[in-house]
Every structure is written in C-alpha cells, then in structure tokens.
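**Student:** Enclosed is the structure file query-v2.cif (mmCIF, N, CA and C atoms).
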```
data_query
loop_
_atom_site.label_atom_id
_atom_site.label_comp_id
_atom_site.auth_asym_id
_atom_site.auth_seq_id
_atom_site.Cartn_x
_atom_site.Cartn_y
_atom_site.Cartn_z
N MET I 18 66.63 -73.75 5.31
CA MET I 18 65.88 -73.62 6.54
C MET I 18 66.87 -73.36 7.67
N SER I 19 66.48 -72.61 8.60
CA SER I 19 67.34 -72.30 9.73
C SER I 19 67.28 -73.41 10.75
N SER I 20 68.46 -73.77 11.26
CA SER I 20 68.51 -74.79 12.31
C SER I 20 68.60 -74.14 13.68
N GLU I 21 68.27 -72.85 13.73
CA GLU I 21 68.36 -72.09 14.96
C GLU I 21 67.53 -72.71 16.08
N PHE I 22 66.40 -73.29 15.74
CA PHE I 22 65.52 -73.86 16.74
C PHE I 22 65.48 -75.38 16.67
N GLY I 23 66.44 -76.00 15.99
CA GLY I 23 66.47 -77.44 15.85
C GLY I 23 65.89 -77.87 14.52
N SER I 24 65.88 -79.14 14.31
CA SER I 24 65.43 -79.70 13.04
C SER I 24 63.91 -79.76 12.97
N ASP I 25 63.40 -79.70 11.73
CA ASP I 25 61.97 -79.89 11.48
C ASP I 25 61.80 -81.30 10.92
N PHE I 26 60.73 -81.95 11.33
CA PHE I 26 60.43 -83.30 10.87
C PHE I 26 59.00 -83.35 10.36
N ILE I 27 58.78 -84.19 9.35
CA ILE I 27 57.44 -84.44 8.86
C ILE I 27 57.25 -85.95 8.78
N THR I 28 56.02 -86.38 8.80
CA THR I 28 55.69 -87.78 8.58
C THR I 28 54.89 -87.86 7.29
N ILE I 29 55.34 -88.73 6.39
CA ILE I 29 54.61 -88.93 5.15
C ILE I 29 54.15 -90.38 5.09
N VAL I 30 53.13 -90.62 4.30
CA VAL I 30 52.60 -91.95 4.08
C VAL I 30 52.77 -92.27 2.61
N ASP I 31 53.42 -93.39 2.30
CA ASP I 31 53.62 -93.74 0.89
C ASP I 31 52.38 -94.40 0.31
N ASP I 32 52.45 -94.79 -0.94
CA ASP I 32 51.31 -95.39 -1.63
C ASP I 32 50.88 -96.72 -1.02
N ASP I 33 51.79 -97.38 -0.28
CA ASP I 33 51.48 -98.65 0.37
C ASP I 33 50.95 -98.47 1.79
N GLY I 34 50.81 -97.22 2.24
CA GLY I 34 50.30 -96.96 3.58
C GLY I 34 51.34 -96.96 4.67
N GLN I 35 52.62 -97.07 4.31
CA GLN I 35 53.69 -97.06 5.31
C GLN I 35 54.07 -95.62 5.65
N GLU I 36 54.26 -95.37 6.95
CA GLU I 36 54.64 -94.04 7.41
C GLU I 36 56.16 -93.93 7.50
N PHE I 37 56.67 -92.76 7.12
CA PHE I 37 58.09 -92.48 7.20
C PHE I 37 58.28 -91.10 7.82
N GLU I 38 59.21 -91.01 8.75
CA GLU I 38 59.55 -89.71 9.32
C GLU I 38 60.77 -89.18 8.58
N LEU I 39 60.67 -87.93 8.12
CA LEU I 39 61.74 -87.30 7.37
C LEU I 39 62.18 -86.02 8.03
N GLU I 40 63.48 -85.78 8.01
CA GLU I 40 64.03 -84.53 8.50
C GLU I 40 64.10 -83.54 7.34
N VAL I 41 63.49 -82.39 7.51
CA VAL I 41 63.50 -81.36 6.48
C VAL I 41 64.89 -80.74 6.42
N ILE I 42 65.48 -80.73 5.24
CA ILE I 42 66.81 -80.15 5.06
C ILE I 42 66.71 -78.74 4.47
N GLU I 43 65.99 -78.61 3.35
CA GLU I 43 65.93 -77.32 2.67
C GLU I 43 64.74 -77.31 1.71
N SER I 44 64.27 -76.13 1.39
CA SER I 44 63.25 -75.99 0.35
C SER I 44 63.78 -75.01 -0.68
N MET I 45 63.23 -75.12 -1.90
CA MET I 45 63.73 -74.30 -3.00
C MET I 45 62.61 -74.10 -4.02
N ASP I 46 62.48 -72.88 -4.52
CA ASP I 46 61.59 -72.60 -5.63
C ASP I 46 62.43 -72.60 -6.90
N TYR I 47 61.95 -73.32 -7.91
CA TYR I 47 62.68 -73.43 -9.16
C TYR I 47 61.70 -73.68 -10.30
N ASN I 48 61.81 -72.90 -11.35
CA ASN I 48 60.94 -73.03 -12.52
C ASN I 48 59.46 -73.01 -12.15
N GLY I 49 59.10 -72.15 -11.21
CA GLY I 49 57.70 -72.01 -10.83
C GLY I 49 57.15 -73.11 -9.95
N LYS I 50 58.03 -74.00 -9.47
CA LYS I 50 57.61 -75.10 -8.60
C LYS I 50 58.43 -75.05 -7.32
N THR I 51 57.88 -75.66 -6.27
CA THR I 51 58.59 -75.73 -5.00
C THR I 51 59.03 -77.17 -4.76
N TYR I 52 60.28 -77.31 -4.35
CA TYR I 52 60.86 -78.61 -4.06
C TYR I 52 61.42 -78.59 -2.64
N MET I 53 61.44 -79.76 -2.02
CA MET I 53 62.02 -79.88 -0.68
C MET I 53 62.95 -81.07 -0.64
N SER I 54 64.03 -80.94 0.13
CA SER I 54 64.96 -82.05 0.34
C SER I 54 64.84 -82.52 1.78
N PHE I 55 64.97 -83.82 1.93
CA PHE I 55 64.81 -84.47 3.23
C PHE I 55 65.89 -85.53 3.41
N LEU I 56 66.08 -85.92 4.66
CA LEU I 56 66.85 -87.12 5.00
C LEU I 56 65.95 -88.01 5.84
N PRO I 57 66.07 -89.34 5.67
CA PRO I 57 65.26 -90.23 6.50
C PRO I 57 65.66 -90.11 7.96
N ALA I 58 64.68 -89.95 8.83
CA ALA I 58 64.97 -89.74 10.25
C ALA I 58 65.20 -91.06 10.98
N ASN I 59 64.66 -92.15 10.46
CA ASN I 59 64.71 -93.41 11.20
C ASN I 59 65.67 -94.43 10.60
N LEU I 60 66.55 -94.00 9.72
CA LEU I 60 67.53 -94.91 9.13
C LEU I 60 68.92 -94.52 9.59
N PRO I 61 69.75 -95.50 9.92
CA PRO I 61 71.15 -95.17 10.24
C PRO I 61 71.87 -94.69 8.98
N GLU I 62 72.85 -93.83 9.15
CA GLU I 62 73.55 -93.25 8.01
C GLU I 62 74.29 -94.29 7.18
N ASP I 63 74.61 -95.44 7.75
CA ASP I 63 75.32 -96.47 6.99
C ASP I 63 74.37 -97.41 6.25
N ASP I 64 73.06 -97.20 6.36
CA ASP I 64 72.08 -98.00 5.63
C ASP I 64 72.18 -97.67 4.14
N PRO I 65 72.16 -98.68 3.26
CA PRO I 65 72.28 -98.40 1.83
C PRO I 65 71.14 -97.53 1.26
N ASP I 66 70.00 -97.48 1.92
CA ASP I 66 68.87 -96.65 1.46
C ASP I 66 68.94 -95.22 2.00
N TYR I 67 69.94 -94.91 2.84
CA TYR I 67 70.06 -93.57 3.42
C TYR I 67 70.56 -92.60 2.35
N GLY I 68 69.93 -91.47 2.24
CA GLY I 68 70.35 -90.44 1.30
C GLY I 68 69.26 -89.40 1.14
N PHE I 69 69.56 -88.39 0.34
CA PHE I 69 68.59 -87.32 0.13
C PHE I 69 67.33 -87.84 -0.54
N ILE I 70 66.22 -87.31 -0.10
CA ILE I 70 64.92 -87.56 -0.73
C ILE I 70 64.44 -86.21 -1.22
N LEU I 71 64.16 -86.13 -2.51
CA LEU I 71 63.69 -84.88 -3.11
C LEU I 71 62.25 -85.06 -3.53
N LEU I 72 61.40 -84.15 -3.10
CA LEU I 72 59.98 -84.21 -3.43
C LEU I 72 59.50 -82.85 -3.93
N ARG I 73 58.52 -82.88 -4.80
CA ARG I 73 57.89 -81.66 -5.31
C ARG I 73 56.68 -81.36 -4.42
N VAL I 74 56.48 -80.09 -4.11
CA VAL I 74 55.34 -79.66 -3.31
C VAL I 74 54.26 -79.17 -4.26
N VAL I 75 53.05 -79.72 -4.11
CA VAL I 75 51.91 -79.30 -4.93
C VAL I 75 50.71 -79.08 -4.02
N GLU I 76 49.72 -78.37 -4.53
CA GLU I 76 48.48 -78.18 -3.77
C GLU I 76 47.45 -79.19 -4.26
N ASP I 77 46.74 -79.80 -3.32
CA ASP I 77 45.66 -80.70 -3.72
C ASP I 77 44.38 -79.88 -3.94
N GLU I 78 43.29 -80.55 -4.23
CA GLU I 78 42.04 -79.85 -4.53
C GLU I 78 41.49 -79.05 -3.36
N ASN I 79 41.94 -79.34 -2.13
CA ASN I 79 41.50 -78.60 -0.95
C ASN I 79 42.44 -77.44 -0.61
N GLY I 80 43.50 -77.25 -1.42
CA GLY I 80 44.46 -76.18 -1.16
C GLY I 80 45.54 -76.57 -0.17
N ASP I 81 45.55 -77.85 0.25
CA ASP I 81 46.59 -78.33 1.17
C ASP I 81 47.84 -78.69 0.39
N GLU I 82 49.01 -78.47 1.01
CA GLU I 82 50.26 -78.87 0.37
C GLU I 82 50.45 -80.38 0.52
N VAL I 83 50.80 -81.02 -0.57
CA VAL I 83 51.13 -82.45 -0.56
C VAL I 83 52.45 -82.61 -1.29
N PHE I 84 53.11 -83.72 -1.03
CA PHE I 84 54.40 -84.01 -1.65
C PHE I 84 54.22 -85.10 -2.69
N GLU I 85 54.92 -84.92 -3.82
CA GLU I 85 54.88 -85.96 -4.84
C GLU I 85 56.30 -86.23 -5.33
N SER I 86 56.50 -87.45 -5.78
CA SER I 86 57.82 -87.82 -6.28
C SER I 86 58.09 -87.10 -7.61
N ILE I 87 59.36 -86.99 -7.93
CA ILE I 87 59.79 -86.39 -9.19
C ILE I 87 60.13 -87.55 -10.11
N ASP I 88 59.22 -87.86 -11.04
CA ASP I 88 59.37 -89.05 -11.88
C ASP I 88 60.22 -88.80 -13.13
N ASP I 89 60.32 -87.57 -13.57
CA ASP I 89 61.12 -87.25 -14.75
C ASP I 89 62.60 -87.21 -14.36
N GLU I 90 63.40 -88.08 -14.97
CA GLU I 90 64.83 -88.20 -14.60
C GLU I 90 65.60 -86.90 -14.82
N ASP I 91 65.32 -86.19 -15.91
CA ASP I 91 66.02 -84.93 -16.18
C ASP I 91 65.67 -83.88 -15.14
N GLU I 92 64.40 -83.78 -14.79
CA GLU I 92 63.98 -82.83 -13.76
C GLU I 92 64.61 -83.18 -12.42
N LEU I 93 64.60 -84.46 -12.08
CA LEU I 93 65.19 -84.91 -10.81
C LEU I 93 66.68 -84.57 -10.76
N GLN I 94 67.42 -84.84 -11.83
CA GLN I 94 68.85 -84.54 -11.86
C GLN I 94 69.10 -83.04 -11.73
N ASP I 95 68.31 -82.25 -12.43
CA ASP I 95 68.46 -80.79 -12.38
C ASP I 95 68.18 -80.27 -10.97
N VAL I 96 67.11 -80.74 -10.36
CA VAL I 96 66.75 -80.30 -9.01
C VAL I 96 67.82 -80.76 -8.00
N TYR I 97 68.31 -81.99 -8.15
CA TYR I 97 69.37 -82.50 -7.27
C TYR I 97 70.61 -81.60 -7.35
N GLU I 98 71.04 -81.28 -8.56
CA GLU I 98 72.23 -80.45 -8.73
C GLU I 98 72.03 -79.07 -8.11
N ARG I 99 70.86 -78.50 -8.26
CA ARG I 99 70.59 -77.18 -7.68
C ARG I 99 70.58 -77.24 -6.15
N PHE I 100 70.04 -78.33 -5.59
CA PHE I 100 70.08 -78.48 -4.14
C PHE I 100 71.51 -78.62 -3.65
N MET I 101 72.35 -79.34 -4.36
CA MET I 101 73.74 -79.52 -3.93
C MET I 101 74.46 -78.18 -3.91
N VAL I 102 74.21 -77.33 -4.92
CA VAL I 102 74.81 -76.00 -4.93
C VAL I 102 74.29 -75.19 -3.75
N LEU I 103 72.98 -75.22 -3.54
CA LEU I 103 72.36 -74.48 -2.45
C LEU I 103 72.91 -74.93 -1.09
N LEU I 104 72.97 -76.23 -0.87
CA LEU I 104 73.45 -76.76 0.41
C LEU I 104 74.94 -76.51 0.58
N TYR I 105 75.72 -76.65 -0.49
CA TYR I 105 77.15 -76.42 -0.42
C TYR I 105 77.44 -74.96 -0.12
N ASP I 106 76.71 -74.04 -0.76
CA ASP I 106 76.89 -72.61 -0.50
C ASP I 106 76.56 -72.28 0.95
N ASP I 107 75.51 -72.90 1.51
CA ASP I 107 75.16 -72.67 2.91
C ASP I 107 76.29 -73.12 3.83
N GLU I 108 76.94 -74.26 3.53
CA GLU I 108 78.05 -74.75 4.35
C GLU I 108 79.22 -73.80 4.29
N GLU I 109 79.52 -73.26 3.10
CA GLU I 109 80.63 -72.32 2.97
C GLU I 109 80.36 -71.05 3.77
N GLU I 110 79.11 -70.55 3.72
CA GLU I 110 78.75 -69.36 4.48
C GLU I 110 78.88 -69.61 5.97
N ASP I 111 78.43 -70.78 6.44
CA ASP I 111 78.55 -71.12 7.86
C ASP I 111 80.00 -71.23 8.29
N ALA I 112 80.85 -71.79 7.45
CA ALA I 112 82.28 -71.93 7.77
C ALA I 112 82.92 -70.55 7.84
N GLY I 113 82.55 -69.65 6.94
CA GLY I 113 83.09 -68.30 6.94
C GLY I 113 82.68 -67.52 8.17
N ALA I 114 81.52 -67.80 8.72
CA ALA I 114 81.05 -67.11 9.91
C ALA I 114 81.81 -67.54 11.15
N ASP I 115 82.38 -68.76 11.11
CA ASP I 115 83.13 -69.27 12.25
C ASP I 115 84.53 -68.71 12.34
N GLU I 116 85.02 -68.11 11.26
CA GLU I 116 86.40 -67.62 11.23
C GLU I 116 86.55 -66.31 11.94
#
```
Would you kindly transcribe this structure into structure tokens?
**Tutor:**
Amino acid sequence: MSSEFGSDFITIVDDDGQEFELEVIESMDYNGKTYMSFLPANLPEDDPDYGFILLRVVEDENGDEVFESIDDEDELQDVYERFMVLLYDDEEEDAGADE
C-alpha cells in the first residue's frame, strides 16, 4: 500500500466484542486468496503483544469483505514468509530511490 497519503487504519471487533484499531501495512493475493498484514495501532512497540497481525480476507453472505484468522499453522507460516519478502523488497526499493 502506498503511504503517499498517510497510513490507513481499520477497526475490527474480535469474538469477545472488543474493538481493536489496526494500521494497514500491506495486502497480498496468494493461492487464490487475499491476505492483509497489520500492526496494532494502540499498542506501544515495546509491548510483548506488539507485532504483525495477518488476516485472510473473505466475503460474507452479503458480499462484504470480512477478516478471519489463519488457523492452519503451515498456511500462516507460508503467508508470513511471503509478506516478509514483499515488505523487505519494498524497503530495498525505497532505499534505492533515495540514492
């Protein structure tokens, strides 16, 4: 995602009804599915729970996009590794543009 206009944020509600604000980092299509990476917007970076949140994007019965957790460990690891490559490549491209 382009940060040209600033960060994008979403608010999600977990299964317990708690709201969380997340900063959108990147989205990716992989194996016919869409995934998004986020960082928690309301947690300090030194909090032990701070880190990437990876969610799968699916359509509900009304055609609206909803986010669901990735429960399969192999799928989660694969998606995480692909996001790291994607994000790392973006950093290298940005660094090259500054030279």
**Student:** Got a sec to tell me which of chain I DSSP assigns to helix (DSSP H, G or I), as a PyMOL selection string?
**Tutor:** chain I and resi 90-115
**Student:** Could you please determine the separation between CA of Asp77 (chain I) and atom N of Thr28 (chain I) in Å, to one decimal place?
**Tutor:** 17.2 Å
**Student:** List the neighbours of region 29-46 of chain I out to 8 Å using only C-alpha atoms; skip same-chain residues closer than 4 positions along the sequence, and give me the result as a PDB file with N, CA and C atoms, in the coordinates of the input.
**Tutor:**
```pdb
ATOM      1  N   MET I  18      66.630 -73.750   5.310  1.00  0.00           N
ATOM      2  CA  MET I  18      65.880 -73.620   6.540  1.00  0.00           C
ATOM      3  C   MET I  18      66.870 -73.360   7.670  1.00  0.00           C
ATOM      4  N   SER I  24      65.880 -79.140  14.310  1.00  0.00           N
ATOM      5  CA  SER I  24      65.430 -79.700  13.040  1.00  0.00           C
ATOM      6  C   SER I  24      63.910 -79.760  12.970  1.00  0.00           C
ATOM      7  N   ASP I  25      63.400 -79.700  11.730  1.00  0.00           N
ATOM      8  CA  ASP I  25      61.970 -79.890  11.480  1.00  0.00           C
ATOM      9  C   ASP I  25      61.800 -81.300  10.920  1.00  0.00           C
ATOM     10  N   LYS I  50      58.030 -74.000  -9.470  1.00  0.00           N
ATOM     11  CA  LYS I  50      57.610 -75.100  -8.600  1.00  0.00           C
ATOM     12  C   LYS I  50      58.430 -75.050  -7.320  1.00  0.00           C
ATOM     13  N   THR I  51      57.880 -75.660  -6.270  1.00  0.00           N
ATOM     14  CA  THR I  51      58.590 -75.730  -5.000  1.00  0.00           C
ATOM     15  C   THR I  51      59.030 -77.170  -4.760  1.00  0.00           C
ATOM     16  N   TYR I  52      60.280 -77.310  -4.350  1.00  0.00           N
ATOM     17  CA  TYR I  52      60.860 -78.610  -4.060  1.00  0.00           C
ATOM     18  C   TYR I  52      61.420 -78.590  -2.640  1.00  0.00           C
ATOM     19  N   MET I  53      61.440 -79.760  -2.020  1.00  0.00           N
ATOM     20  CA  MET I  53      62.020 -79.880  -0.680  1.00  0.00           C
ATOM     21  C   MET I  53      62.950 -81.070  -0.640  1.00  0.00           C
ATOM     22  N   SER I  54      64.030 -80.940   0.130  1.00  0.00           N
ATOM     23  CA  SER I  54      64.960 -82.050   0.340  1.00  0.00           C
ATOM     24  C   SER I  54      64.840 -82.520   1.780  1.00  0.00           C
ATOM     25  N   PHE I  55      64.970 -83.820   1.930  1.00  0.00           N
ATOM     26  CA  PHE I  55      64.810 -84.470   3.230  1.00  0.00           C
ATOM     27  C   PHE I  55      65.890 -85.530   3.410  1.00  0.00           C
ATOM     28  N   LEU I  56      66.080 -85.920   4.660  1.00  0.00           N
ATOM     29  CA  LEU I  56      66.850 -87.120   5.000  1.00  0.00           C
ATOM     30  C   LEU I  56      65.950 -88.010   5.840  1.00  0.00           C
ATOM     31  N   PRO I  57      66.070 -89.340   5.670  1.00  0.00           N
ATOM     32  CA  PRO I  57      65.260 -90.230   6.500  1.00  0.00           C
ATOM     33  C   PRO I  57      65.660 -90.110   7.960  1.00  0.00           C
ATOM     34  N   ALA I  58      64.680 -89.950   8.830  1.00  0.00           N
ATOM     35  CA  ALA I  58      64.970 -89.740  10.250  1.00  0.00           C
ATOM     36  C   ALA I  58      65.200 -91.060  10.980  1.00  0.00           C
ATOM     37  N   ASN I  59      64.660 -92.150  10.460  1.00  0.00           N
ATOM     38  CA  ASN I  59      64.710 -93.410  11.200  1.00  0.00           C
ATOM     39  C   ASN I  59      65.670 -94.430  10.600  1.00  0.00           C
ATOM     40  N   PHE I 100      70.040 -78.330  -5.590  1.00  0.00           N
ATOM     41  CA  PHE I 100      70.080 -78.480  -4.140  1.00  0.00           C
ATOM     42  C   PHE I 100      71.510 -78.620  -3.650  1.00  0.00           C
ATOM     43  N   LEU I 104      72.970 -76.230  -0.870  1.00  0.00           N
ATOM     44  CA  LEU I 104      73.450 -76.760   0.410  1.00  0.00           C
ATOM     45  C   LEU I 104      74.940 -76.510   0.580  1.00  0.00           C
TER      46      LEU I 104
END
```
**Student:** Run DSSP on the backbone of this structure and report the residues of region 35-115 of chain I it assigns to strand (DSSP E or B), as a ChimeraX atom specification.
**Tutor:** /I:36-47,50-57,70-76,82-86
**Student:** What is the distance, in Å and to one decimal place, between CA of Val75 (chain I) and CA of Ile87 (chain I)?
**Tutor:**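 Atom-to-atom, CA of Val75 (chain I) and CA of Ile87 (chain I) are spaced 11.4 Å apart.
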**Student:** In Å, how far is it from atom C of Asp89 (chain I) to CA of Ile27 (chain I)?
**Tutor:**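 Separation of atom C of Asp89 (chain I) and CA of Ile27 (chain I): 23.9 Å.
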**Student:** Would you please work out which residue, of I:Leu71, I:Asp66, I:Asn48, I:Leu60, is nearest to Met101 (chain I) when using only C-alpha atoms?
**Tutor:**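 Closest candidate: I:Leu71.
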**Student:** Given 3 Å on each side, where is the centre and what are the edge lengths in Å to one decimal of the axis-aligned box enclosing the listed atoms of region 65-80 of chain I, as lines of an AutoDock Vina configuration file?
**Tutor:**
```
center_x = 56.9
center_y = -87.4
center_z = -0.9
size_x = 36.8
size_y = 28.5
size_z = 14.7
```
